[in-house]
Structures are given as C-alpha cells and as structure tokens.
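Shown below: work-v8.txt, with compact mmCIF, C-alpha atoms.
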```txt
# COMPACT_ATOMS: atom_id res chain seq x y z
CA MET A 10 107.65 50.91 70.98
CA PRO A 11 106.53 53.10 73.91
CA LEU A 12 103.12 52.50 75.47
CA GLU A 13 100.82 55.52 75.81
CA LYS A 14 97.44 56.17 77.45
CA SER A 15 94.85 58.86 76.82
CA GLU A 16 91.16 59.57 76.96
CA ALA A 17 89.71 59.36 73.45
CA ILE A 18 86.63 59.15 71.27
CA ILE A 19 86.26 57.55 67.84
CA LEU A 20 85.94 59.93 64.89
CA LYS A 21 86.01 57.42 62.02
CA THR A 22 86.81 53.77 61.30
CA PHE A 23 87.94 51.98 58.15
CA ASN A 24 87.95 48.23 57.58
CA TRP A 25 91.53 47.15 56.89
CA SER A 26 91.21 43.40 56.58
CA GLU A 27 88.78 40.65 57.54
CA SER A 28 89.83 40.97 61.17
CA SER A 29 91.45 44.41 61.55
CA ARG A 30 90.50 48.05 61.07
CA ALA A 31 92.02 51.51 61.12
CA VAL A 32 90.51 53.81 63.74
CA HIS A 33 90.91 57.58 63.90
CA PHE A 34 90.59 58.77 67.48
CA PHE A 35 90.40 62.27 68.88
CA THR A 36 92.55 61.91 72.00
CA GLU A 37 92.80 64.32 74.90
CA LYS A 38 96.61 64.22 75.07
CA PHE A 39 97.69 63.76 71.46
CA GLY A 40 94.93 65.18 69.25
CA ARG A 41 93.79 63.16 66.26
CA MET A 42 95.51 59.77 66.25
CA PRO A 43 95.15 57.05 63.57
CA LEU A 44 95.64 53.62 65.16
CA MET A 45 95.46 50.08 63.85
CA ASP A 46 93.00 47.90 65.73
CA ARG A 47 94.45 44.47 65.06
CA ALA A 48 91.81 41.72 65.20
CA GLY A 49 89.33 44.38 66.35
CA ARG A 50 86.69 43.13 63.93
CA SER A 51 86.93 39.60 65.27
CA VAL A 52 84.29 38.40 67.73
CA LYS A 53 87.09 36.53 69.50
CA SER A 54 88.98 39.73 70.33
CA LYS A 55 89.66 40.01 74.06
CA ARG A 56 90.25 43.75 73.89
CA GLY A 57 87.69 46.14 75.32
CA ARG A 58 84.94 46.80 72.82
CA LEU A 59 85.19 50.03 70.84
CA LEU A 60 81.89 51.92 70.84
CA PRO A 61 80.86 54.99 68.82
CA PHE A 62 80.01 58.09 70.83
CA ALA A 63 81.87 56.77 73.84
CA ARG A 64 84.47 58.44 76.01
CA MET A 65 87.18 55.83 76.56
CA GLU A 66 90.64 55.41 77.97
CA ILE A 67 92.77 53.79 75.30
CA THR A 68 96.21 52.22 75.58
CA PHE A 69 98.30 52.11 72.43
CA TYR A 70 101.78 51.63 71.05
CA VAL A 71 103.49 54.29 68.97
CA SER A 72 106.54 53.90 66.76
CA GLU A 73 108.99 56.46 65.43
CA LYS A 74 109.43 54.33 62.31
CA GLU A 75 105.75 53.97 61.42
CA SER A 76 103.09 56.61 60.88
CA THR A 77 100.35 54.54 62.52
CA GLY A 78 100.38 53.15 66.03
CA TYR A 79 98.61 50.07 67.36
CA LEU A 80 95.73 49.90 69.81
CA SER A 81 96.44 47.73 72.84
CA ASP A 82 93.37 48.12 75.07
CA SER A 83 90.36 50.30 75.78
CA ASP A 84 88.13 50.95 78.79
CA LEU A 85 84.75 52.66 78.70
CA ILE A 86 84.45 55.83 80.77
CA GLU A 87 81.19 57.37 79.54
CA LEU A 88 78.67 56.37 76.87
CA PHE A 89 76.48 58.86 75.03
CA SER A 90 73.51 56.64 74.19
CA PHE A 91 71.22 59.27 72.58
CA GLU A 92 68.19 57.29 73.78
CA LYS A 93 65.93 60.24 74.57
CA GLU A 94 63.15 61.30 72.19
CA GLY A 95 64.61 62.15 68.79
CA THR A 96 67.34 59.50 68.71
CA LEU A 97 67.87 59.81 64.94
CA GLY A 98 68.49 63.53 65.24
CA ARG A 99 70.87 63.09 68.16
CA LEU A 100 72.87 60.48 66.23
CA ALA A 101 72.96 62.74 63.19
CA TYR A 102 74.20 65.80 65.06
CA GLY A 103 76.77 63.72 66.92
CA SER A 104 77.98 62.18 63.66
CA ALA A 105 78.23 65.58 61.99
CA ALA A 106 80.45 66.90 64.79
CA CYS A 107 82.76 63.88 64.57
CA GLU A 108 83.02 64.15 60.79
CA LEU A 109 83.93 67.83 61.00
CA LEU A 110 86.69 66.99 63.48
CA TYR A 111 87.96 64.13 61.33
CA ARG A 112 88.12 66.36 58.26
CA LEU A 113 89.61 69.42 59.98
CA LEU A 114 91.94 68.29 62.75
CA PRO A 115 95.64 67.88 61.97
CA GLU A 116 97.20 64.62 63.13
CA GLN A 117 98.93 64.47 66.51
CA GLU A 118 98.39 68.09 67.51
CA PRO A 119 97.12 68.23 71.11
CA LEU A 120 93.92 70.27 71.49
CA PRO A 121 92.76 69.44 75.04
CA ASP A 122 90.32 72.36 75.30
CA LEU A 123 88.60 71.33 72.08
CA TYR A 124 88.45 67.73 73.31
CA THR A 125 86.74 68.90 76.52
CA TYR A 126 84.35 71.04 74.47
CA LEU A 127 83.42 68.02 72.32
CA MET A 128 82.63 65.95 75.42
CA SER A 129 80.39 68.74 76.72
CA TYR A 130 78.69 69.03 73.32
CA LEU A 131 77.91 65.30 73.21
CA ARG A 132 76.48 65.43 76.75
CA TYR A 133 74.14 68.25 75.73
CA ILE A 134 73.14 66.41 72.53
CA ASP A 135 72.47 63.31 74.66
CA ARG A 136 70.36 65.05 77.31
CA SER A 137 68.79 68.22 75.89
CA ASP A 138 65.29 68.59 74.53
CA ARG A 139 65.29 67.80 70.81
CA ARG A 140 64.08 71.34 70.00
CA PHE A 141 67.51 72.66 70.95
CA LEU A 142 69.66 70.21 68.96
CA PRO A 143 70.07 72.44 65.85
CA ALA A 144 71.23 75.40 67.96
CA LEU A 145 73.70 73.19 69.81
CA PHE A 146 75.17 71.94 66.55
CA LEU A 147 75.41 75.45 65.08
CA ALA A 148 77.13 76.73 68.24
CA PHE A 149 79.56 73.79 68.05
CA PHE A 150 80.19 74.39 64.33
CA LEU A 151 80.92 78.08 64.89
CA ARG A 152 83.19 77.44 67.89
CA LEU A 153 85.10 74.74 66.01
CA LEU A 154 85.69 77.06 63.05
CA SER A 155 86.98 79.78 65.35
CA GLN A 156 89.24 77.50 67.40
CA LEU A 157 90.87 76.12 64.25
CA GLY A 158 91.49 79.57 62.76
CA TYR A 159 88.56 79.80 60.33
CA HIS A 160 86.63 82.42 62.29
CA PRO A 161 83.78 83.76 60.08
CA SER A 162 83.29 87.51 60.32
CA ILE A 163 79.65 87.90 61.38
CA GLU A 164 79.66 91.23 63.26
CA TYR A 165 81.89 93.24 60.90
CA CYS A 166 82.37 93.60 57.15
CA VAL A 167 85.21 91.27 56.31
CA VAL A 168 86.57 93.80 53.77
CA CYS A 169 86.39 97.25 55.43
CA GLY A 170 85.73 96.32 59.06
CA GLN A 171 82.54 98.37 59.31
CA GLU A 172 80.20 97.11 62.00
CA VAL A 173 77.22 95.32 60.49
CA SER A 174 74.79 97.31 62.65
CA GLU A 175 75.86 100.45 60.75
CA PHE A 176 74.62 99.20 57.38
CA ILE A 177 72.12 96.48 58.22
CA GLY A 178 69.20 98.86 57.76
CA GLU A 179 69.99 99.35 54.06
CA GLY A 180 68.14 96.21 52.96
CA LYS A 181 66.19 93.15 54.02
CA THR A 182 69.15 90.80 53.75
CA VAL A 183 72.86 90.70 54.63
CA ALA A 184 75.43 89.45 52.11
CA PHE A 185 77.57 86.57 53.38
CA SER A 186 80.60 85.68 51.27
CA PRO A 187 81.95 82.14 51.84
CA GLU A 188 84.99 82.97 49.72
CA ARG A 189 85.89 86.23 51.44
CA GLY A 190 85.15 84.84 54.88
CA GLY A 191 82.08 86.61 56.21
CA ILE A 192 79.64 89.49 55.90
CA VAL A 193 80.33 92.04 53.14
CA SER A 194 78.83 95.54 53.31
CA PRO A 195 76.93 96.91 50.29
CA ALA A 196 79.78 99.33 49.56
CA CYS A 197 82.34 96.50 49.41
CA GLN A 198 80.35 94.11 47.23
CA LYS A 199 81.50 93.46 43.66
CA PRO A 200 79.34 92.52 40.67
CA GLY A 201 79.59 88.86 39.73
CA GLU A 202 80.81 87.65 43.12
CA TYR A 203 78.93 84.88 44.94
CA TYR A 204 77.02 85.89 48.06
CA ILE A 205 74.55 84.11 50.29
CA ASP A 206 71.70 86.43 51.24
CA LEU A 207 71.02 85.94 54.93
CA THR A 208 67.77 87.30 56.32
CA LEU A 209 68.18 89.74 59.16
CA ALA A 210 66.78 87.07 61.50
CA ASP A 211 69.33 84.53 60.21
CA HIS A 212 72.14 87.02 60.77
CA ARG A 213 71.00 87.75 64.32
CA ARG A 214 70.84 84.03 65.01
CA LEU A 215 74.40 83.48 63.78
CA MET A 216 75.65 86.37 65.92
CA THR A 217 73.88 84.96 68.98
CA LEU A 218 75.19 81.42 68.47
CA GLN A 219 78.72 82.56 67.68
CA ARG A 220 78.84 84.11 71.16
CA ALA A 221 76.78 81.44 72.95
CA SER A 222 78.02 78.81 75.36
CA LEU A 223 76.62 75.32 74.97
CA HIS A 224 74.50 75.95 78.07
CA GLU A 225 72.98 79.01 76.40
CA ALA A 226 72.51 77.24 73.05
CA ALA A 227 70.63 74.45 74.85
CA SER A 228 67.75 76.87 75.44
CA ILE A 229 67.47 78.23 71.87
CA ALA A 230 64.92 76.62 69.55
CA VAL A 231 65.88 76.73 65.86
CA GLY A 232 63.43 75.39 63.28
CA TYR A 233 64.28 73.02 60.44
CA GLN A 234 64.29 75.54 57.58
CA GLU A 235 66.38 78.05 59.53
CA ALA A 236 68.84 75.32 60.53
CA VAL A 237 69.18 74.23 56.90
CA ARG A 238 69.98 77.75 55.73
CA LEU A 239 72.54 78.45 58.43
CA ILE A 240 74.32 75.09 58.26
CA ASP A 241 74.44 75.34 54.47
CA ALA A 242 76.04 78.80 54.71
CA LEU A 243 78.67 77.54 57.17
CA ALA A 244 79.35 74.42 55.08
CA LYS A 245 79.96 76.59 51.99
CA PHE A 246 82.19 78.89 54.07
CA LEU A 247 84.17 75.85 55.19
CA SER A 248 84.54 74.50 51.66
CA TYR A 249 86.23 77.75 50.60
CA GLN A 250 88.26 78.49 53.71
CA ALA A 251 89.50 74.95 54.46
CA ASP A 252 89.64 73.86 50.81
CA ILE A 253 87.28 70.95 51.39
CA LYS A 254 86.06 70.03 47.92
CA SER A 255 83.85 67.05 48.67
CA GLU A 256 80.59 67.30 50.56
CA LEU A 257 80.52 66.56 54.27
CA LYS A 258 78.53 63.33 54.16
CA SER A 259 77.02 63.57 57.60
CA LEU A 260 75.51 66.98 56.82
CA GLU A 261 73.21 65.13 54.42
CA PHE A 262 71.32 64.06 57.54
CA LEU A 263 69.32 67.29 57.18
CA GLU A 264 67.48 65.84 54.20
CA LYS A 265 66.78 62.65 56.12
CA LEU A 266 65.37 64.62 59.01
CA LYS A 267 63.02 66.64 56.80
CA GLY A 268 59.49 66.31 58.00
CA SER A 269 60.50 64.04 60.88
CA GLN A 270 59.59 66.63 63.57
CA LEU A 271 63.07 66.26 65.01
CA ASN A 272 63.74 69.95 64.57
CA GLY A 273 60.58 71.33 66.08
```

Before anything else, please render the file you have as structure tokens.
Amino acid sequence: MPLEKSEAIILKTFNWSESSRAVHFFTEKFGRMPLMDRAGRSVKSKRGRLLPFARMEITFYVSEKESTGYLSDSDLIELFSFEKEGTLGRLAYGSAACELLYRLLPEQEPLPDLYTYLMSYLRYIDRSDRRFLPALFLAFFLRLLSQLGYHPSIEYCVVCGQEVSEFIGEGKTVAFSPERGGIVSPACQKPGEYYIDLTLADHRRLMTLQRASLHEAASIAVGYQEAVRLIDALAKFLSYQADIKSELKSLEFLEKLKGSQLNG
C-alpha cells in the first residue's frame, strides 16, 4: 500500500472498536478522506494525538482493494483553541462548518481552495470579536454552497431572472423559495408553494454576506434573532437542493446559545 502525506483537519469521528475509530478528514491534497485510526482510542498509542479543530500533517496508507485507508502518523501544525471570550459560540460555529463539509463533500475529490478557505474561517472564528461570529458563519455557509454548486439566487428572481431591486419595493418582504433555489418575484409566485418571507433587511444582509470576504464579514455584527432567521433559511435551502433529509445536528447550537449573549 502506498504511503501518502497531506495537511488535514478532522471533520467527524466514529468509534469502531474498543481501541480503534474511523476518522473523516478534510485533506488539502485529496479532499474528504475516511481513514481507520487503529488503536487511536488507546492511551498507549504512540501516534501523534488527533485533536479537533487542528491543522495537522497526516501520513496514511491507501489501498486500491479497500475503500478505507489507514492512518500512520500525525503532526500538529496549528491549533484553533477558541479560548477567547465566547468559547461556546466559537466551538459551535466551528462544529457547524465541519458538519456541513462532512455532509456535503464527496469522498476523495481534491478541493484545495476550499480547504484553504476553511483554515482562514477557523482562524477568524478563533480570533475575532464574538459579535462577528454569526456573520462569519453565514459568509462561510454561503461561500460553501456556491463552491459546491448550490448557489442560492439572492440578487435575481430564480424563475425569470429579474433583478430583485426592480420589484423589492412592491412589499415589505421578499419571497425566498428553498425548493426553487432563491428569491422569487411576485409575478412568478404560485399559490400553494412554500416561501420564506425575508424582511428587506434580511435580504440586504444575505446579499452583503454572499459577496463578502471573511475579512469583511469579521466587521459585521449580526444579532441572534437575525442569525437564526438567515441560517434557518439557508438550512432549508440546503435540505431541498442537496437532498439532506435529516437535520444538521450542529445547527441546533443556536438554541443552546439563546440568551447566552454570545451573539451580541
């Protein structure tokens, strides 16, 4: 079996036996890679310790005959400790990003630009003022959707292509269709279809964050209630467009953060 090396971060782990576990990594060179960590649960393991939210260099064996490779070694490069004020929120937003990647990334498809973007996102989550964490996550969510081909139409009607600015004055809300894939103008709406009514402020926020870099998002304060509405709309969009039937567990962190002052 050939030996490979790559930078990587853990997306999800599963206990396999009393001493071993299956680990899904997002690697820089190979994309999402499931690897067996033999004896990784044992305190006697001599291998480098695997840490969550850590940028590592991993060494692993791959086999043409088996679907899962085997971890050989790991070395820590960078640790995102999330120890600044608002640790719970930082952990939650980091976990949500990793779960989205685990659920959406195909196996063994290299996405080096997305890997680099994730590392930048985790650095901002680790170091930014807690007021800006929701905007950072929303910017990450929107960029991830676009990079994987699920780009929500926020600026134009997804049906007729009319620019939203041309009909946005016709009401106090904008209709967002998770099933159709974006904003739907009043003329294109159909009775009985499901729409999420976004306030004009919510729509402007989505447009801003869809265009924003992480550096720009790290200066935008989004309150708890606004974050809940926007993340819920994107999660419903994702459930239709990516055919994800079950709830994204880590997005439940929003309920846990309610009233905690982590979102300003």

Report task. Can you pull out every residue within 10 Å of segment 149-156 of chain A, counting all atoms listed in the file, but drop anything in the same chain fewer than 2 positions away, and send it as a PyMOL selection string? Result -> chain A and resi 105-106+109-110+113-114+120+122-123+126-127+130+143-147+158-162+215-216+218-223+226+240+243-244+246-247+250-251

Requested in this report: Grab the atom CA of Met128 of chain A to atom CA of Arg47 of chain A distance for me, in Å with one decimal place.
Outcome: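 Between atom CA of Met128 of chain A and atom CA of Arg47 of chain A the gap works out to 26.6 Å.
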
Query raised in the report: Can you tell me how far atom CA of Gln171 of chain A sits from atom CA of Pro200 of chain A, in Å to one decimal?
Result: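 Here the two named atoms are 19.8 Å from each other.
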
Report task. For atom CA of Ala184 of chain A and atom CA of Ile205 of chain A, determine how far apart the two atoms are, in Å to one decimal place. Result ->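 If I compute the distance from atom CA of Ala184 of chain A to atom CA of Ile205 of chain A, I get 5.7 Å.
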
Shell around Gly78 of chain A at 8 Å using only C-alpha atoms, local window under 6 positions removed, as a tab-separated table (two decimals) with C-alpha atoms, in the frame of the given file:
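Okay, this is what ended up in out21.tsv:
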```tsv
chain	number	residue	atom	x	y	z
A	43	PRO	CA	95.15	57.05	63.57
A	44	LEU	CA	95.64	53.62	65.16
A	45	MET	CA	95.46	50.08	63.85
A	69	PHE	CA	98.30	52.11	72.43
A	70	TYR	CA	101.78	51.63	71.05
A	71	VAL	CA	103.49	54.29	68.97
A	72	SER	CA	106.54	53.90	66.76
```

Query - From A:Tyr233, A:Phe176, A:Tyr124, A:Tyr79, residue lying nearest Glu16 of chain A [all atoms listed in the file] - result: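 Ranked by minimum distance to Glu16 of chain A, first place goes to A:Tyr124.
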
Query - Nearest-residue call for Gly232 of chain A, choices A:Phe35, A:Tyr102, A:Phe141, A:Tyr249, using all atoms listed in the file - result: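 The shortest atom-to-atom distance to Gly232 of chain A comes from A:Phe141.
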
**Report entry** Selection as a PyMOL selection string: residues within 9 Å of (72.0, 93.4, 50.3), counting all atoms listed in the file
**Finding:** chain A and resi 177+179-184+193-195+198+206-207

Hey, could you pull the box centre and edge lengths for segment 86-100 of chain A, axis-aligned, 8 Å padding per side, all listed atoms, to one decimal in Å, as JSON?
```
{"center_x": 73.8, "center_y": 59.7, "center_z": 72.9, "size_x": 37.3, "size_y": 23.7, "size_z": 31.8}
```

Query raised in the report: Which one of A:Pro11, A:Gly95, A:Gly40, A:Gly190 sits closest to Pro121 of chain A if you count only C-alpha atoms?
Result: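 Checking each candidate against Pro121 of chain A, we get A:Gly40 as the closest.
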
Query raised in the report: Near Lys93 of chain A, within 12 Å and counting all atoms listed in the file, which residues show up once chain neighbours fewer than 4 positions away are dropped, as a count of residues only?
Result: 14

Requested in this report: May I ask which of the residues A:Ser29, A:Glu73, A:Glu87, A:Ser81 is the closest one to Glu13 of chain A, counting all atoms listed in the file?
Outcome: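 Smallest distance to Glu13 of chain A is found for A:Ser81.
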